[in-house]
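Undergrad: This is the structure I want to talk about, given as structure tokens.
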Amino acid sequence: MTMTYAIDLSLKPTTFDLWHVCLAGTVVLLAVMLISLLLVMVISMRRCKHKSVVSISTPAAITPEPVVKIVEKIIEVEKLVHAPAPEPVILKEATPDAALQLLSLLQKEARFIDFIKEDVTSYSDSDIGIAARVVHEGCNKALNEHFTLAAIRNEQEGSKVTLAQGFDAGAVRLTGNITGAAPFTGTLIHKGWQVTNIRLPKLTQGHDATILAAAEVEL
């Protein structure tokens with residue numbers, strides 16, 4: 001015997017148990033979460049649009065550079081552009097006539113060239129000493145007559161001296177262990193010499209200064 005069950009779908013449930021309560025609560029919670037998520041997305045989109053509009057309409061302010069610095073930079077550039085070229089180093093050519101004239105005077109007063117060019121190997125020390133005394137006296141006479149000499153340093157040789165910063169390197173020559181910068185303190189080895197006055201005789205027109213000593217012919 002076959003039994004048939006007819007289900008009426010139009011009927012409404014007459015009971016509201018715990019299962020239905022949980023199901024209804026879950027639906028409500030999901031709906032609240034969905035609404036909250038949509039609200040957060042809308043607020044975020046509005047904030048992003050507001051920031052972009054503000055950044056486009058109000059550009060960042062540029063701090064102007066002080067006028068004094070700008071002027072100083074312009075002056076520096078003008079100096080670089082209009083800076084004069086360094087002057088070329090001009091080397092002075094020494095006139096040979098003065099040097100030849102001095103040799104001629106030393107030869108005249110002290111037979112200097114004769115003494116220097118002489119082969120002294122065959123002479124004794126006493127003979128060389130006698131000749132050197134004659135040359136010494138003649139050279140001293142020529143120097144005193146035509147030049148005024150003065151010592152560069154007035155201190156005694158062998159004494160301690162101090163060279164301040166900016167000393168004349170052409171007048172004082174440093175030797176030994178040179179380290180650091182001035183002032184320097186050391187021992188005076190040589191006082192140095194400088195010429196303060198020159199009294200060379202004037203040469204006549206057409207004088208051949210290369211003739212230091214004329215050859216002598218005795219008749």
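Naming scheme: A, B, ... for chains in displayed order of the structure tokens; residues 1 onward per chain; ligands 1 onward as shown.
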Run DSSP on the backbone and give me the residues of segment 122-189 of chain A it puts in helix (DSSP H, G or I), as a PyMOL selection string.
TA: chain A and resi 125-146
Undergrad: For those residues, write N, CA and C atoms to a file as a PDB file, in the first residue's frame.
TA:
```
ATOM      1  N   ASP A 125     152.562  73.940  -2.517  1.00  0.00           N
ATOM      2  CA  ASP A 125     151.506  74.645  -1.788  1.00  0.00           C
ATOM      3  C   ASP A 125     151.933  76.050  -1.402  1.00  0.00           C
ATOM      4  N   SER A 126     153.210  76.223  -1.083  1.00  0.00           N
ATOM      5  CA  SER A 126     153.686  77.557  -0.709  1.00  0.00           C
ATOM      6  C   SER A 126     153.640  78.506  -1.895  1.00  0.00           C
ATOM      7  N   ASP A 127     154.020  78.006  -3.093  1.00  0.00           N
ATOM      8  CA  ASP A 127     153.949  78.856  -4.277  1.00  0.00           C
ATOM      9  C   ASP A 127     152.503  79.239  -4.599  1.00  0.00           C
ATOM     10  N   ILE A 128     151.583  78.262  -4.470  1.00  0.00           N
ATOM     11  CA  ILE A 128     150.168  78.553  -4.730  1.00  0.00           C
ATOM     12  C   ILE A 128     149.639  79.551  -3.705  1.00  0.00           C
ATOM     13  N   GLY A 129     150.091  79.416  -2.446  1.00  0.00           N
ATOM     14  CA  GLY A 129     149.641  80.335  -1.410  1.00  0.00           C
ATOM     15  C   GLY A 129     150.082  81.762  -1.677  1.00  0.00           C
ATOM     16  N   ILE A 130     151.320  81.935  -2.169  1.00  0.00           N
ATOM     17  CA  ILE A 130     151.800  83.275  -2.493  1.00  0.00           C
ATOM     18  C   ILE A 130     150.991  83.881  -3.636  1.00  0.00           C
ATOM     19  N   ALA A 131     150.720  83.079  -4.670  1.00  0.00           N
ATOM     20  CA  ALA A 131     149.936  83.573  -5.802  1.00  0.00           C
ATOM     21  C   ALA A 131     148.500  83.867  -5.384  1.00  0.00           C
ATOM     22  N   ALA A 132     147.925  83.014  -4.528  1.00  0.00           N
ATOM     23  CA  ALA A 132     146.554  83.243  -4.069  1.00  0.00           C
ATOM     24  C   ALA A 132     146.448  84.534  -3.269  1.00  0.00           C
ATOM     25  N   ARG A 133     147.479  84.880  -2.515  1.00  0.00           N
ATOM     26  CA  ARG A 133     147.456  86.135  -1.760  1.00  0.00           C
ATOM     27  C   ARG A 133     147.386  87.333  -2.705  1.00  0.00           C
ATOM     28  N   VAL A 134     148.140  87.271  -3.813  1.00  0.00           N
ATOM     29  CA  VAL A 134     148.115  88.355  -4.794  1.00  0.00           C
ATOM     30  C   VAL A 134     146.736  88.461  -5.432  1.00  0.00           C
ATOM     31  N   VAL A 135     146.156  87.297  -5.796  1.00  0.00           N
ATOM     32  CA  VAL A 135     144.823  87.289  -6.415  1.00  0.00           C
ATOM     33  C   VAL A 135     143.789  87.797  -5.427  1.00  0.00           C
ATOM     34  N   HIS A 136     143.907  87.401  -4.175  1.00  0.00           N
ATOM     35  CA  HIS A 136     142.952  87.827  -3.148  1.00  0.00           C
ATOM     36  C   HIS A 136     142.970  89.340  -2.981  1.00  0.00           C
ATOM     37  N   GLU A 137     144.171  89.916  -2.894  1.00  0.00           N
ATOM     38  CA  GLU A 137     144.268  91.362  -2.725  1.00  0.00           C
ATOM     39  C   GLU A 137     143.703  92.103  -3.928  1.00  0.00           C
ATOM     40  N   GLY A 138     144.003  91.623  -5.134  1.00  0.00           N
ATOM     41  CA  GLY A 138     143.499  92.295  -6.340  1.00  0.00           C
ATOM     42  C   GLY A 138     141.985  92.191  -6.467  1.00  0.00           C
ATOM     43  N   CYS A 139     141.401  90.994  -6.155  1.00  0.00           N
ATOM     44  CA  CYS A 139     139.944  90.829  -6.229  1.00  0.00           C
ATOM     45  C   CYS A 139     139.250  91.715  -5.204  1.00  0.00           C
ATOM     46  N   ASN A 140     139.822  91.789  -3.994  1.00  0.00           N
ATOM     47  CA  ASN A 140     139.232  92.636  -2.958  1.00  0.00           C
ATOM     48  C   ASN A 140     139.255  94.095  -3.383  1.00  0.00           C
ATOM     49  N   LYS A 141     140.338  94.531  -4.012  1.00  0.00           N
ATOM     50  CA  LYS A 141     140.427  95.904  -4.486  1.00  0.00           C
ATOM     51  C   LYS A 141     139.379  96.194  -5.548  1.00  0.00           C
ATOM     52  N   ALA A 142     139.188  95.258  -6.497  1.00  0.00           N
ATOM     53  CA  ALA A 142     138.210  95.465  -7.569  1.00  0.00           C
ATOM     54  C   ALA A 142     136.784  95.521  -7.026  1.00  0.00           C
ATOM     55  N   LEU A 143     136.466  94.645  -6.084  1.00  0.00           N
ATOM     56  CA  LEU A 143     135.120  94.640  -5.512  1.00  0.00           C
ATOM     57  C   LEU A 143     134.845  95.912  -4.717  1.00  0.00           C
ATOM     58  N   ASN A 144     135.812  96.324  -3.898  1.00  0.00           N
ATOM     59  CA  ASN A 144     135.607  97.520  -3.080  1.00  0.00           C
ATOM     60  C   ASN A 144     135.513  98.783  -3.932  1.00  0.00           C
ATOM     61  N   GLU A 145     136.204  98.779  -5.067  1.00  0.00           N
ATOM     62  CA  GLU A 145     136.212  99.979  -5.910  1.00  0.00           C
ATOM     63  C   GLU A 145     134.918 100.123  -6.704  1.00  0.00           C
ATOM     64  N   HIS A 146     134.334  99.017  -7.127  1.00  0.00           N
ATOM     65  CA  HIS A 146     133.193  99.096  -8.043  1.00  0.00           C
ATOM     66  C   HIS A 146     131.873  98.598  -7.437  1.00  0.00           C
TER      67      HIS A 146
END
```
Undergrad: To test your reading of the structure, identify every residue in segment 79-217 of chain A that backbone DSSP assigns to strand (DSSP E or B), and report it as an MDAnalysis selection string.
TA: chainID A and resid 147:151 160:163 184:187 193:198
Undergrad: Write out as a ChimeraX atom specification each polymer residue whose atoms come within 12 Å of Arg173 of chain A, counting only C-alpha atoms; drop sequence neighbours fewer than 3 positions from it.
TA: /A:152-153,163,167-170,176,178,184,186-192
Undergrad: Which residues come within 12 Å of Leu100 of chain A, counting only C-alpha atoms, excluding same-chain residues fewer than 2 positions away, as a ChimeraX atom specification?
TA: /A:94-98,102-107,113,200,203,207-213
Undergrad: So that I can check the surroundings of Thr196 of chain A, please list as an NGL selection string every protein, DNA and RNA residue that reaches within 8 Å of it, counting only C-alpha atoms and ignoring chain neighbours fewer than 3 positions away.
TA: :A and (147-150)
